[in-house]
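Just below is one structure, and these are the notes that go with it.
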Amino acid sequence: MALPKKGTRGITVGEQRYRWVISPAAKGLLALTIQHNEGIGQLIRVYVKSDVNDFWAEFPHVQHLDIRVIKPADVAVIIEEAIKLGWQPDKKGAPLSFDFIGSTLVKKGDT
């Protein structure tokens, strides 16, 4: 399944171009989906703990929320680490799932 170009952001890591999008996965959890720009390779889905979607619902009582925001620099680090952990962005394959804990990428099932 390819990511649509509309609504995704582009990033270049090394000499390769990728597309990425962030969406809510569950309460307190974001899903970052990344694919090679060509759209034919393996997807990765990275789950990040964050209450950023609850911010306005809880405002002004937001002290207890984990307001983690995914920045392009985070996406670049995630891409580099995912490749080291076996992601093959230019080859077809089943999507891979990871957790992003702090600044560490952990393959689902390895925790």
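Residues are named by chain letter and number: chains run A, B, ... in the order of the structure tokens, numbers start at 1 in each chain, and ligands are numbered from 1 in the order shown.
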Near A:Lys91, within 12 Å and counting only C-alpha atoms, which residues show up once chain neighbours fewer than 4 positions away are dropped, as number ranges by chain?
-> A: 35-36, 38-43, 83, 86-87, 95
Keeping only C-alpha atoms, write the selected residues to a file as an mmCIF file, in the first residue's frame.
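What follows is the written file again37.cif:
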```
data_model
loop_
_atom_site.group_PDB
_atom_site.id
_atom_site.type_symbol
_atom_site.label_atom_id
_atom_site.label_comp_id
_atom_site.auth_asym_id
_atom_site.auth_seq_id
_atom_site.Cartn_x
_atom_site.Cartn_y
_atom_site.Cartn_z
ATOM 1 C CA GLN A 35 7.752 5.120 2.797
ATOM 2 C CA HIS A 36 10.350 5.608 0.081
ATOM 3 C CA GLU A 38 8.827 5.958 -5.163
ATOM 4 C CA GLY A 39 5.929 4.374 -3.280
ATOM 5 C CA ILE A 40 6.774 0.786 -4.167
ATOM 6 C CA GLY A 41 8.790 -0.258 -1.134
ATOM 7 C CA GLN A 42 8.112 -1.463 2.359
ATOM 8 C CA LEU A 43 6.286 0.865 4.761
ATOM 9 C CA ILE A 83 17.401 0.812 7.944
ATOM 10 C CA GLY A 86 16.288 -4.259 8.733
ATOM 11 C CA TRP A 87 13.931 -1.912 6.907
ATOM 12 C CA PRO A 95 5.094 -3.268 6.734
#
```
Please tabulate, as CSV, the residues of stretch 3-40 of chain A that come within 12 Å of stretch 98-103 of chain A, each with its closest pair of atoms and the distance in Å to one decimal, counting only C-alpha atoms and ordering rows by chain, then residue number upward.
```
residue,atom,partner,partner_atom,distance
A:Leu29,CA,A:Asp99,CA,10.2
A:Leu30,CA,A:Phe100,CA,10.1
A:Ala31,CA,A:Asp99,CA,9.3
A:Leu32,CA,A:Phe98,CA,9.6
A:Thr33,CA,A:Phe98,CA,10.2
A:Ile34,CA,A:Phe98,CA,11.3
```
Run DSSP on the backbone and grab whatever in stretch 3-103 of chain A lands in strand (DSSP E); send it over as a PyMOL selection string.
-> chain A and resi 9-13+16-26+29-36+44-49+96-101
In chain A, what's alpha helix (DSSP H) per DSSP? Answer as a PyMOL selection string?
-> chain A and resi 55-58+72-84
Nearest to A:Gln16 among A:Asn37, A:Lys107, A:Ala2, A:Tyr47, with distances taken over only C-alpha atoms: which residue is it?
->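 So, comparing all the options, the nearest one is A:Asn37.
The two atoms in question, atom CA of A:Thr12 and atom CA of A:Lys71, are spaced 13.7 Å apart.
Neighbours of A:Arg9 closer than or equal to 7 Å, with only C-alpha atoms counted and sequence neighbours fewer than 2 positions away skipped, come out as Gly7, Ile11, Arg19, Trp20 and Val21 of chain A.
The interatomic distance for the pair atom CA of A:Ile44 and atom CA of A:Ser97 works out to 5.8 Å.
Computed from the coordinates, the atom CA of A:Val106 to atom CA of A:Lys6 distance equals 28.5 Å.
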